[in-house]
Every structure is written in structure tokens, then in C-alpha cells.
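Okay, work.tsv now, which holds TSV, C-alpha atoms and all ligand atoms:
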```tsv
chain	number	residue	atom	x	y	z
A	1	MET	CA	141.94	-78.11	136.85
A	2	ARG	CA	143.14	-81.59	136.00
A	3	ASP	CA	145.05	-82.94	138.95
A	4	LEU	CA	143.92	-83.26	142.59
A	5	ARG	CA	146.32	-84.19	145.39
A	6	ILE	CA	144.59	-85.39	148.49
A	7	SER	CA	146.47	-85.34	151.77
A	8	VAL	CA	144.99	-88.02	154.02
A	9	THR	CA	147.02	-87.08	157.10
A	10	ASP	CA	149.58	-84.52	158.21
A	11	ARG	CA	151.35	-87.10	160.39
A	12	CYS	CA	154.48	-88.89	159.34
A	13	ASN	CA	156.67	-91.68	160.67
A	14	PHE	CA	159.80	-90.01	159.21
A	15	ARG	CA	161.35	-86.62	159.85
A	16	CYS	CA	163.12	-85.86	156.56
A	17	SER	CA	165.39	-82.88	157.05
A	18	TYR	CA	164.18	-81.14	153.88
A	19	CYS	CA	160.47	-81.54	154.66
A	20	MET	CA	159.68	-81.98	158.34
A	21	PRO	CA	162.80	-81.26	160.35
A	22	PHE	CA	161.17	-80.83	163.77
A	23	ASP	CA	159.92	-83.59	166.07
A	24	GLU	CA	156.65	-81.89	166.92
A	25	TYR	CA	154.29	-79.73	164.93
A	26	LYS	CA	150.85	-78.35	165.61
A	27	TRP	CA	148.97	-81.41	164.37
A	28	ILE	CA	145.49	-81.35	162.89
A	29	GLU	CA	142.94	-82.54	165.50
A	30	ARG	CA	141.40	-85.91	164.66
A	31	GLN	CA	137.84	-84.62	164.38
A	32	GLU	CA	139.04	-82.03	161.85
A	33	VAL	CA	140.42	-84.69	159.50
A	34	LEU	CA	138.12	-85.50	156.58
A	35	SER	CA	136.51	-88.93	156.72
A	36	PHE	CA	136.82	-91.34	153.78
A	37	GLU	CA	133.17	-90.58	152.91
A	38	GLU	CA	133.91	-86.85	152.78
A	39	ILE	CA	137.03	-87.37	150.65
A	40	GLU	CA	135.09	-89.55	148.22
A	41	ARG	CA	132.40	-86.89	147.89
A	42	VAL	CA	134.98	-84.21	147.13
A	43	ALA	CA	136.68	-86.43	144.54
A	44	ARG	CA	133.36	-87.11	142.80
A	45	LEU	CA	132.49	-83.41	142.76
A	46	PHE	CA	135.86	-82.56	141.24
A	47	LEU	CA	135.45	-84.96	138.34
A	48	ASP	CA	132.81	-82.54	137.03
A	49	PHE	CA	135.53	-79.87	136.74
A	50	GLY	CA	137.74	-82.07	134.60
A	51	ILE	CA	139.95	-83.63	137.24
A	52	GLN	CA	141.58	-86.64	135.61
A	53	LYS	CA	144.14	-87.61	138.20
A	54	VAL	CA	143.91	-88.10	141.95
A	55	ARG	CA	147.01	-88.74	144.04
A	56	LEU	CA	146.91	-89.69	147.72
A	57	THR	CA	149.67	-88.22	149.79
A	58	GLY	CA	150.44	-86.55	153.11
A	59	GLY	CA	152.31	-86.50	155.55
A	60	GLU	CA	152.72	-90.21	155.15
A	61	PRO	CA	149.50	-91.64	153.70
A	62	LEU	CA	150.14	-95.17	154.94
A	63	VAL	CA	149.95	-94.09	158.59
A	64	ARG	CA	146.24	-93.35	158.03
A	65	LYS	CA	144.39	-96.40	159.33
A	66	GLY	CA	142.63	-98.53	156.70
A	67	LEU	CA	143.83	-96.46	153.75
A	68	HIS	CA	142.98	-99.31	151.37
A	69	ARG	CA	139.31	-98.67	152.15
A	70	LEU	CA	139.64	-95.14	150.77
A	71	VAL	CA	141.50	-96.50	147.75
A	72	ALA	CA	138.63	-98.91	147.09
A	73	ARG	CA	136.09	-96.05	147.25
A	74	LEU	CA	138.10	-93.89	144.85
A	75	ALA	CA	138.99	-96.72	142.48
A	76	ALA	CA	135.27	-97.40	142.09
A	77	ILE	CA	134.54	-93.87	140.80
A	78	GLU	CA	133.67	-94.15	137.15
A	79	GLY	CA	135.63	-91.74	134.97
A	80	LEU	CA	138.56	-91.36	137.33
A	81	GLY	CA	141.28	-92.65	135.04
A	82	ASP	CA	144.32	-92.20	137.21
A	83	LEU	CA	144.59	-92.96	140.92
A	84	SER	CA	148.02	-92.98	142.52
A	85	LEU	CA	149.83	-92.81	145.86
A	86	THR	CA	153.06	-91.20	147.04
A	87	THR	CA	154.62	-92.89	150.07
A	88	ASN	CA	157.87	-93.11	151.97
A	89	GLY	CA	157.44	-96.89	151.70
A	90	ALA	CA	158.15	-97.77	155.34
A	91	LEU	CA	154.74	-99.41	155.84
A	92	LEU	CA	154.30	-100.55	152.25
A	93	ALA	CA	155.40	-104.17	152.65
A	94	ALA	CA	152.54	-104.73	155.10
A	95	GLN	CA	149.94	-102.89	152.99
A	96	ALA	CA	150.89	-103.52	149.35
A	97	ALA	CA	148.51	-106.46	148.89
A	98	ASP	CA	145.51	-104.67	150.45
A	99	LEU	CA	146.19	-101.56	148.39
A	100	TYR	CA	146.56	-103.57	145.20
A	101	HIS	CA	143.36	-105.52	145.77
A	102	ALA	CA	141.55	-102.25	146.52
A	103	GLY	CA	142.52	-101.09	143.02
A	104	LEU	CA	145.79	-99.17	143.41
A	105	ARG	CA	148.29	-99.66	140.58
A	106	ARG	CA	150.37	-96.48	140.30
A	107	ILE	CA	152.73	-95.72	143.15
A	108	ASN	CA	155.65	-93.40	143.88
A	109	VAL	CA	158.10	-94.37	146.61
A	110	SER	CA	160.46	-91.71	147.92
A	111	ILE	CA	164.06	-92.91	148.26
A	112	ASP	CA	166.77	-90.24	148.30
A	113	THR	CA	169.72	-92.50	149.05
A	114	LEU	CA	170.68	-96.16	148.79
A	115	LYS	CA	173.16	-95.89	151.65
A	116	ALA	CA	171.59	-97.24	154.84
A	117	GLU	CA	173.30	-94.90	157.30
A	118	ARG	CA	172.71	-91.86	155.16
A	119	PHE	CA	169.07	-92.88	154.79
A	120	THR	CA	168.59	-92.95	158.54
A	121	ALA	CA	170.42	-89.65	158.96
A	122	LEU	CA	168.25	-87.99	156.30
A	123	THR	CA	164.91	-89.34	157.49
A	124	LYS	CA	165.80	-89.45	161.22
A	125	ARG	CA	163.38	-92.34	161.86
A	126	GLY	CA	163.65	-94.36	158.65
A	127	ASN	CA	165.23	-97.71	157.83
A	128	LEU	CA	166.27	-98.29	154.21
A	129	ASP	CA	165.66	-102.06	154.35
A	130	ASP	CA	162.01	-101.54	155.34
A	131	VAL	CA	161.51	-99.16	152.44
A	132	LEU	CA	163.18	-101.47	149.93
A	133	ALA	CA	161.04	-104.35	151.23
A	134	GLY	CA	157.97	-102.17	150.58
A	135	LEU	CA	159.15	-101.19	147.12
A	136	PHE	CA	159.74	-104.80	146.07
A	137	ALA	CA	156.48	-105.97	147.67
A	138	ALA	CA	154.66	-103.44	145.46
A	139	LYS	CA	156.49	-104.78	142.41
A	140	LYS	CA	155.80	-108.39	143.30
A	141	ILE	CA	152.08	-107.86	143.76
A	142	GLY	CA	151.94	-106.25	140.29
A	143	MET	CA	151.82	-102.50	140.83
A	144	ALA	CA	152.96	-100.54	137.78
A	145	PRO	CA	154.28	-98.09	136.99
A	146	ILE	CA	156.43	-97.76	140.11
A	147	LYS	CA	158.32	-94.49	140.34
A	148	VAL	CA	161.13	-93.73	142.77
A	149	ASN	CA	161.20	-90.08	143.89
A	150	ALA	CA	164.49	-88.53	144.98
A	151	VAL	CA	165.13	-84.98	146.12
A	152	ILE	CA	168.74	-84.16	145.27
A	153	ILE	CA	170.48	-81.86	147.75
A	154	ARG	CA	173.99	-80.56	147.16
A	155	GLY	CA	176.48	-81.97	149.63
A	156	THR	CA	173.96	-84.54	150.90
A	157	ASN	CA	173.12	-87.06	148.15
A	158	ASP	CA	174.23	-85.48	144.87
A	159	ASP	CA	176.91	-88.17	144.61
A	160	GLU	CA	174.16	-90.81	144.20
A	161	ILE	CA	172.36	-89.64	141.07
A	162	LEU	CA	173.88	-92.37	138.90
A	163	ASP	CA	173.50	-95.08	141.56
A	164	LEU	CA	169.81	-94.24	141.85
A	165	VAL	CA	169.38	-94.32	138.06
A	166	ASP	CA	171.22	-97.62	137.84
A	167	PHE	CA	169.09	-99.10	140.63
A	168	ALA	CA	165.87	-98.01	138.93
A	169	ARG	CA	166.94	-99.22	135.47
A	170	THR	CA	168.01	-102.59	136.82
A	171	ASN	CA	164.76	-103.18	138.66
A	172	GLY	CA	162.24	-101.76	136.21
A	173	PHE	CA	161.36	-98.62	138.20
A	174	GLU	CA	161.25	-95.07	136.86
A	175	MET	CA	163.48	-92.53	138.60
A	176	ARG	CA	161.99	-89.10	139.30
A	177	PHE	CA	164.40	-86.46	140.41
A	178	ILE	CA	162.96	-83.42	142.19
A	179	GLU	CA	164.79	-80.14	142.63
A	180	TYR	CA	165.09	-79.27	146.30
A	181	MET	CA	162.48	-76.57	146.99
A	182	ASP	CA	161.80	-74.05	149.74
A	183	VAL	CA	158.57	-75.72	150.83
A	184	GLY	CA	157.20	-74.85	154.26
A	185	ASN	CA	159.06	-72.56	156.63
A	186	ALA	CA	161.45	-74.88	158.44
A	187	ASN	CA	163.80	-76.61	156.03
A	188	ALA	CA	166.67	-74.05	155.84
A	189	TRP	CA	166.53	-74.10	152.04
A	190	SER	CA	169.07	-72.18	150.04
A	191	LEU	CA	169.51	-72.04	146.29
A	192	GLU	CA	173.09	-73.33	146.60
A	193	LYS	CA	171.73	-76.63	147.93
A	194	THR	CA	169.40	-77.09	144.95
A	195	VAL	CA	170.99	-79.33	142.33
A	196	THR	CA	169.40	-78.02	139.17
A	197	LYS	CA	167.44	-80.01	136.62
A	198	LYS	CA	170.15	-79.14	134.09
A	199	GLU	CA	172.91	-80.53	136.33
A	200	ILE	CA	170.96	-83.71	137.06
A	201	LEU	CA	170.27	-84.22	133.36
A	202	GLU	CA	173.92	-83.69	132.38
A	203	THR	CA	175.09	-86.16	135.01
A	204	VAL	CA	172.62	-88.81	133.87
A	205	HIS	CA	173.16	-88.19	130.16
A	206	ALA	CA	176.95	-88.54	130.40
A	207	ARG	CA	176.60	-92.09	131.72
A	208	PHE	CA	173.20	-93.22	130.40
A	209	PRO	CA	172.38	-91.21	127.25
A	210	VAL	CA	168.77	-90.01	127.10
A	211	ARG	CA	166.44	-88.24	124.70
A	212	GLU	CA	163.77	-85.77	125.85
A	213	ILE	CA	160.19	-86.93	125.48
A	214	GLY	CA	158.66	-83.84	127.08
A	215	ARG	CA	155.89	-83.47	129.65
A	216	ALA	CA	153.38	-86.35	129.87
A	217	ASN	CA	150.70	-83.75	129.20
A	218	GLY	CA	151.11	-80.02	128.72
A	219	SER	CA	150.84	-79.34	132.44
A	220	ALA	CA	152.80	-82.21	134.06
A	221	PRO	CA	155.55	-80.94	136.40
A	222	ALA	CA	158.09	-83.55	135.30
A	223	VAL	CA	159.93	-83.43	132.00
A	224	ASP	CA	160.43	-87.04	130.88
A	225	TYR	CA	163.44	-88.56	129.14
A	226	GLU	CA	163.92	-92.01	127.64
A	227	PHE	CA	167.17	-93.94	127.66
A	228	LEU	CA	168.58	-94.39	124.17
A	229	ASP	CA	169.29	-98.05	124.98
A	230	GLY	CA	165.58	-98.65	125.60
A	231	ALA	CA	165.95	-99.34	129.35
A	232	GLY	CA	163.03	-97.15	130.39
A	233	GLU	CA	162.54	-93.51	131.31
A	234	ILE	CA	163.34	-90.92	133.95
A	235	GLY	CA	161.57	-87.71	134.90
A	236	ILE	CA	163.02	-84.51	136.34
A	237	ILE	CA	160.97	-81.87	138.14
A	238	GLY	CA	162.69	-78.50	137.85
A	239	SER	CA	160.25	-76.46	139.87
A	240	VAL	CA	162.91	-74.04	141.13
A	241	THR	CA	164.96	-73.35	138.00
A	242	GLU	CA	162.25	-74.03	135.39
A	243	PRO	CA	159.01	-72.92	137.08
A	244	PHE	CA	155.80	-73.95	135.38
A	245	CYS	CA	153.19	-71.84	137.21
A	246	SER	CA	151.56	-70.68	133.98
A	247	SER	CA	150.60	-74.24	133.00
A	248	CYS	CA	149.76	-75.52	136.50
A	249	THR	CA	146.43	-77.36	136.70
A	250	ARG	CA	146.88	-78.75	140.23
A	251	LEU	CA	144.82	-78.38	143.40
A	252	ARG	CA	145.47	-79.77	146.84
A	253	LEU	CA	143.00	-80.90	149.46
A	254	THR	CA	144.54	-80.84	152.95
A	255	ALA	CA	143.73	-83.51	155.51
A	256	ASP	CA	141.46	-81.01	157.29
A	257	GLY	CA	139.58	-80.16	154.13
A	258	LYS	CA	141.19	-76.93	152.93
A	259	LEU	CA	141.46	-76.44	149.19
A	260	VAL	CA	144.80	-74.98	148.24
A	261	THR	CA	145.69	-73.87	144.73
A	262	CYS	CA	149.47	-73.56	145.14
A	263	LEU	CA	152.21	-75.52	146.95
A	264	PHE	CA	153.47	-72.22	148.31
A	265	ALA	CA	150.12	-70.80	149.44
A	266	GLU	CA	149.69	-69.01	152.76
A	267	SER	CA	146.13	-70.26	153.30
A	268	GLY	CA	143.40	-72.39	151.78
A	269	PHE	CA	139.65	-72.32	151.22
A	270	ASP	CA	137.71	-74.11	153.96
A	271	LEU	CA	135.82	-76.72	151.95
A	272	LYS	CA	135.23	-78.85	155.03
A	273	ALA	CA	133.22	-76.07	156.70
A	274	LEU	CA	131.02	-75.94	153.62
A	275	ILE	CA	130.61	-79.72	153.50
A	276	ARG	CA	129.88	-80.04	157.22
A	277	SER	CA	127.36	-77.19	157.07
A	278	GLY	CA	125.29	-79.45	154.83
A	279	ALA	CA	125.83	-77.52	151.60
A	280	PRO	CA	124.42	-79.25	148.51
A	281	ASP	CA	126.67	-80.21	145.59
A	282	ASP	CA	125.74	-77.24	143.39
A	283	VAL	CA	126.65	-74.72	146.12
A	284	ILE	CA	130.01	-76.42	146.65
A	285	ARG	CA	130.64	-76.49	142.89
A	286	ALA	CA	129.89	-72.76	142.58
A	287	GLN	CA	132.35	-71.90	145.37
A	288	VAL	CA	135.09	-74.06	143.86
A	289	ALA	CA	134.53	-72.59	140.40
A	290	ASN	CA	134.85	-69.12	141.86
A	291	LEU	CA	138.03	-70.01	143.77
A	292	TRP	CA	139.63	-71.41	140.63
A	293	SER	CA	138.60	-68.54	138.38
A	294	VAL	CA	140.16	-65.85	140.60
A	295	ARG	CA	143.38	-67.81	141.15
A	296	THR	CA	146.56	-65.82	140.48
A	297	ASP	CA	149.23	-68.17	141.94
A	298	ARG	CA	152.69	-67.80	140.46
A	299	TYR	CA	155.01	-68.14	143.44
A	300	SER	CA	157.70	-70.20	141.67
A	301	ASP	CA	157.85	-67.76	138.76
A	302	ILE	CA	158.29	-64.86	141.16
A	303	ARG	CA	160.84	-66.71	143.30
A	304	TRP	CA	162.95	-67.48	140.23
A	305	GLU	CA	162.78	-63.85	139.06
A	306	GLN	CA	163.85	-62.72	142.55
A	307	VAL	CA	166.57	-65.35	142.90
A	308	ARG	CA	168.09	-64.22	139.61
A	309	SER	CA	167.95	-60.56	140.58
A	310	GLY	CA	169.38	-61.33	144.04
A	311	GLY	CA	166.34	-60.17	146.03
A	312	TYR	CA	164.91	-63.47	147.22
A	313	GLN	CA	164.39	-64.08	150.97
A	314	ALA	CA	162.73	-67.44	151.73
A	315	ARG	CA	161.62	-66.22	155.15
A	316	ASP	CA	159.63	-63.27	153.72
A	317	HIS	CA	156.71	-65.47	152.76
A	318	LYS	CA	154.85	-67.58	155.36
A	319	LYS	CA	153.75	-70.82	153.68
A	320	ILE	CA	151.63	-73.77	154.75
A	321	GLU	CA	153.92	-76.68	155.73
A	322	MET	CA	154.20	-79.40	153.05
A	323	ILE	CA	153.09	-82.09	155.50
A	324	THR	CA	149.84	-80.18	155.98
A	325	LEU	CA	149.42	-79.40	152.31
A	326	GLY	CA	150.13	-82.76	150.82
A	327	GLY	CA	153.33	-82.97	148.80
B	1	LIG	C1	155.74	-84.47	151.23
B	1	LIG	S1	156.03	-86.12	150.67
B	1	LIG	C2	154.50	-86.91	151.12
B	1	LIG	C3	154.41	-88.36	150.77
B	1	LIG	C4	155.35	-89.32	151.49
B	1	LIG	N1	155.50	-89.05	152.88
B	1	LIG	C5	156.70	-89.36	150.80
B	1	LIG	O1	157.69	-88.96	151.39
B	1	LIG	O2	156.72	-89.79	149.66
B	1	LIG	C6	155.88	-86.06	148.89
B	1	LIG	C7	157.15	-85.77	148.13
B	1	LIG	O3	157.57	-84.48	148.43
B	1	LIG	C8	158.98	-84.47	148.40
B	1	LIG	N2	159.51	-83.32	149.13
B	1	LIG	C9	159.40	-83.04	150.44
B	1	LIG	N3	160.05	-81.91	150.76
B	1	LIG	C10	160.61	-81.44	149.62
B	1	LIG	C11	161.42	-80.32	149.29
B	1	LIG	N4	161.80	-79.45	150.20
B	1	LIG	N5	161.80	-80.16	148.00
B	1	LIG	C12	161.42	-81.04	147.06
B	1	LIG	N6	160.65	-82.12	147.29
B	1	LIG	C13	160.25	-82.33	148.56
B	1	LIG	C14	159.32	-85.79	149.05
B	1	LIG	O4	160.62	-86.21	148.74
B	1	LIG	C15	158.30	-86.72	148.47
B	1	LIG	O5	158.77	-87.33	147.29
B	2	LIG	S1	159.06	-86.25	152.70
B	2	LIG	FE1	157.40	-87.67	153.21
B	2	LIG	S2	158.43	-89.12	154.59
B	2	LIG	FE2	159.73	-87.35	154.58
B	2	LIG	S3	159.03	-86.11	156.32
B	2	LIG	FE3	157.99	-85.35	154.45
B	2	LIG	S4	156.05	-86.41	154.51
B	2	LIG	FE4	157.43	-87.56	155.86
```
Output the file's structure in the form of C-alpha cells.
Ligand SMILES: C[S@@+](CC[C@H](N)C(=O)[O-])C[C@H]1O[C@@H](n2cnc3c(N)ncnc32)[C@H](O)[C@@H]1O
Ligand code: SF4
Amino acid sequence: MRDLRISVTDRCNFRCSYCMPFDEYKWIERQEVLSFEEIERVARLFLDFGIQKVRLTGGEPLVRKGLHRLVARLAAIEGLGDLSLTTNGALLAAQAADLYHAGLRRINVSIDTLKAERFTALTKRGNLDDVLAGLFAAKKIGMAPIKVNAVIIRGTNDDEILDLVDFARTNGFEMRFIEYMDVGNANAWSLEKTVTKKEILETVHARFPVREIGRANGSAPAVDYEFLDGAGEIGIIGSVTEPFCSSCTRLRLTADGKLVTCLFAESGFDLKALIRSGAPDDVIRAQVANLWSVRTDRYSDIRWEQVRSGGYQARDHKKIEMITLGG
């Protein structure tokens, strides 16, 4: 294991149609949410297993009160080389300085469209100007690298691939395109709506020629490309059409302390119960080691095999919602 994603809350101030289409969900009770002390302990324990990267996510991480205090705790852990945050950016303008001073440098801001009306339609509760204000506040305070995540959905925002690339190139951000996936159980995913990595690459390359650099490390989900004119890089995550289960080194910690070894898992291991029962570090380590050693996750591989043979039914498999899991 190399990469730990920590969901700090399952709540969100947006309702993106591809992620969290309903107004209400069965939310995690407050007392079940891990405290900052508990999260820090888990992060420290995981360093012993070789975790090199920790990313804070959710739900929307910035709706968790005082998140910069968690960032400060994690940034102070010796040996944790890479701490990052994925956010929808709506509350970033107000928090960028606190997060920066707490030690956060790497940030991903999700922006699927640069059209204000479309943005509000897609996110239901979002305002593009607020998000752009957050993005530029992060830049101004000195965060780097800043990546802009966009999920490309056919018939929704696939006409904006080049506009998004142009925007990122012009402003010194790195675009990250993500294939639309069948996460959770509610987003009405269909393969036809997934704009493939190959299509995205061809569109970008025809206007802004690129050269493949490869994956940042052997197990990174994104394949990176650099512009031949030297104006930066883009990444594309082809998790549907180019699944990478066999090289996956990622674990997720849900806001209520479940350890989950796959984005498409049906359940997780209740680490919080172990922690709150007073288990010492070596007992927790032994349980985690066991969980990881018996892991057989390969959902995306199987889905792609089934999609190609025509036998795939998204509804057949009950998954944990992405807002609970931590995207
Ligand atoms: C679940 S969100 C959590 C963090 C934060 N709320 C945000 O939107 O950045 C993390 C990432 O997952 C992506 N995502 C959500 N649903 C997706 C889907 N069905 N397919 C692909 N990516 C998805 C979002 O676009 C976002 O970039
Ligand atoms: S993608 Fe992020 S902002 Fe949108 S609903 Fe999901 S968690 Fe919220």
C-alpha cells in the first residue's frame, strides 16, 4: 500500500448529478465520525506499511469544521512526503490561507465546466464564480501544484475539453480528466456516457500536441502527458476503459473509520471499532496487514471484461456511495 485517501466527511454542499444526485442520504452520525486525533493516529500507523501519500477528500472536505487543524497535524508527521486535498472549491477562498499556513501545498479542485449556468445545473447547488475565486485564492497564496479535475460526460460537457485545457494552460494549472465511472448506486451511469481516455487524448492532441510521460509512479491512476510547446502537463484517468486494478496500491478510510480497499467495494473493515475498543498499535497493524494480504479487488477489470462481452449490469453490484467512501 502506498496511497491513503481519507474522507473527513460524507456531507457535501453540492449535489453533482454524477456523484450525489439525491438531496438526502443516510448520513453518518456525528459521534461515528473519526476525530482529528483518531485520523492522525491512523495516518501514523499507515506510514509503517509504506504509505507515501495521504489525500483528504469526502464528501466535501472543506465543510468539515476546522479542517486546517487536521492538515497541521498531518503535515507535522515526519516521513509523510505528500499531503494533498481534493475539493469542489466552493469554500476554498475563505480557507486557502489557513490551509496553506497549516502546511497544505498540493490541491485538486473539481471543475467540470466553465459555463456558469451549466455549472449550476451540474452541481445543483454550486456557483462557478465562488469556485474560481477559491481556485485563484489557492494560487495566490502559493499552493502548487494545483490540479483541476474534470469528469467528462457525453452530451453534458464533452464540448468543453479544449476550453478546460486552454484555461488550465493559461493559468498554470494542470488539467486532470477523469472517465465517468459507475461509482455508487445512484448516478444512472451508462458506458455510452463515458468519454474514453482515448477520445479525450485525441481531442486534446489535435489542438495542443502532447507526448506521453507515463504514470507518475507505477501505480498512479493517471497517465500524464506533456505539451510539446512546454506549457505544462495534463493527466487522464481511464479507470473504465483502461482499468489498473492489478497495480492498485490505494486504500480508503471512510469518515466513520471503515477501511476500504476498492472504490467499488460493498463493505469495509471497521477500524474505528478497533481503535475505540482501545486496541494497541501492534494489534491494529496485524489486522490491517491481514486485510491487505487477502485483498482480491479487481472490480474495474471485471467490469471492463463484462462491458466488452455485453454482460455488464451496473445495478447487479451494490457499492458503497462515493461520498461515504471518499473519492
Ligand atoms: C467524490 S469527489 C470528493 C471531493 C470533492 N467534493 C470534489 O468534488 O472534488 C472527488 C472526485 O471524484 C470525482 N467523481 C465523482 N463522481 C464521479 C464519477 N461518477 N465518475 C468519475 N469521477 C467522479 C469528482 O469529480 C471529484 O473530482
Ligand atoms: S463530486 Fe464532490 S462536490 Fe460533487 S457531489 Fe460529489 S462530493 Fe460533492
**Prompt:** From the list A:Glu160, A:Asp98, A:Glu202, A:Glu60, which residue is nearest ligand LIG 1 (chain B) when using only C-alpha atoms and all ligand atoms?
**Reply:**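 Of A:Glu160, A:Asp98, A:Glu202, A:Glu60, the one nearest ligand LIG 1 (chain B), counting only C-alpha atoms and all ligand atoms, is A:Glu60.
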Near Val8 (chain A), within 8 Å and counting only C-alpha atoms, which residues show up once chain neighbours fewer than 5 positions away are dropped, as a PDB file with C-alpha atoms, keeping the file's coordinate frame?
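Output (result_3.pdb):
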```pdb
ATOM      1  CA  VAL A  33     140.420 -84.690 159.500  1.00  0.00           C
ATOM      2  CA  LEU A  34     138.120 -85.500 156.580  1.00  0.00           C
ATOM      3  CA  LEU A  56     146.910 -89.690 147.720  1.00  0.00           C
ATOM      4  CA  THR A  57     149.670 -88.220 149.790  1.00  0.00           C
ATOM      5  CA  GLY A  58     150.440 -86.550 153.110  1.00  0.00           C
ATOM      6  CA  GLY A  59     152.310 -86.500 155.550  1.00  0.00           C
ATOM      7  CA  PRO A  61     149.500 -91.640 153.700  1.00  0.00           C
ATOM      8  CA  ARG A  64     146.240 -93.350 158.030  1.00  0.00           C
ATOM      9  CA  THR A 254     144.540 -80.840 152.950  1.00  0.00           C
ATOM     10  CA  ALA A 255     143.730 -83.510 155.510  1.00  0.00           C
TER      11      ALA A 255
END
```
Could you produce a table of the residues of chain A lying within 8 Å of ligand LIG 2 (chain B), with the nearest pair of atoms per residue and their separation in Å rounded to one decimal, using only C-alpha atoms and all ligand atoms, ordered by chain and increasing residue number, as a tab-separated table?
```
residue	atom	partner	partner_atom	distance
A:Asp10	CA	B:LIG2	S4	7.7
A:Arg11	CA	B:LIG2	S4	7.6
A:Cys12	CA	B:LIG2	FE4	4.8
A:Asn13	CA	B:LIG2	FE4	6.4
A:Phe14	CA	B:LIG2	FE4	4.8
A:Arg15	CA	B:LIG2	S3	4.3
A:Cys16	CA	B:LIG2	S3	4.1
A:Ser17	CA	B:LIG2	S3	7.2
A:Tyr18	CA	B:LIG2	S1	7.3
A:Cys19	CA	B:LIG2	FE3	4.6
A:Met20	CA	B:LIG2	S3	4.6
A:Pro21	CA	B:LIG2	S3	7.3
A:Gly58	CA	B:LIG2	S4	5.8
A:Gly59	CA	B:LIG2	S4	3.9
A:Glu60	CA	B:LIG2	S4	5.1
A:Thr87	CA	B:LIG2	FE1	6.7
A:Asn88	CA	B:LIG2	S2	4.8
A:Ser110	CA	B:LIG2	FE1	7.3
A:Thr123	CA	B:LIG2	FE2	6.3
A:Met322	CA	B:LIG2	FE3	7.2
A:Ile323	CA	B:LIG2	S4	5.3
A:Gly326	CA	B:LIG2	S4	7.9
A:Gly327	CA	B:LIG2	S4	7.2
```
**Message:** Just to confirm, what's the straight-line distance from CA of Lys193 (chain A) to CA of Glu226 (chain A) in Å (one decimal)?
**Reply:**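 Computing it gives 26.6 Å between the two atoms.
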**Request:** Work out how far apart CA of Val307 (chain A) and CA of Leu191 (chain A) are and give it in Å to one decimal.
**Result:**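 Value for the CA of Val307 (chain A)-CA of Leu191 (chain A) distance: 8.1 Å.
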**Message:** Between A:Ser293, A:Thr261, A:Ser84, A:Ser7, which residue has the minimum interatomic distance to ligand LIG 1 (chain B), considering all atoms listed in the file?
**Reply:**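 The answer is A:Ser7, which sits nearest to ligand LIG 1 (chain B).
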**Request:** With a distance cut-off of 9 Å and only C-alpha atoms, select the neighbouring residues of region 67-72 of chain A, excluding the residue or stretch itself and same-chain residues fewer than 5 positions from it, and output the selection as a ChimeraX atom specification.
**Result:** /A:8,36-37,39-40,56,61-62,83,95,98-104
Determine the axis-aligned bounding box of all atoms of ligand LIG 1 (chain B) present in the file, pad each side by 4 Å, and express its centre and edge lengths in Å to one decimal place as lines of an AutoDock Vina configuration file.
```
center_x = 158.1
center_y = -84.6
center_z = 150.0
size_x = 15.4
size_y = 18.3
size_z = 13.8
```
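We find atom O2 of ligand LIG 1 (chain B) and CA of Leu45 (chain A) to be spaced 26.0 Å apart.
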**Asked** For ligand LIG 1 (chain B), which residue among A:Tyr299, A:Tyr180, A:Phe269, A:Tyr312 is the nearest when counting only C-alpha atoms and all ligand atoms?
**Response** A:Tyr180
**Fill in**
Of A:Ser35, A:Ile6, A:Met1, A:Glu321, the one nearest to Gly184 (chain A) when counting all atoms listed in the file is A:Glu321
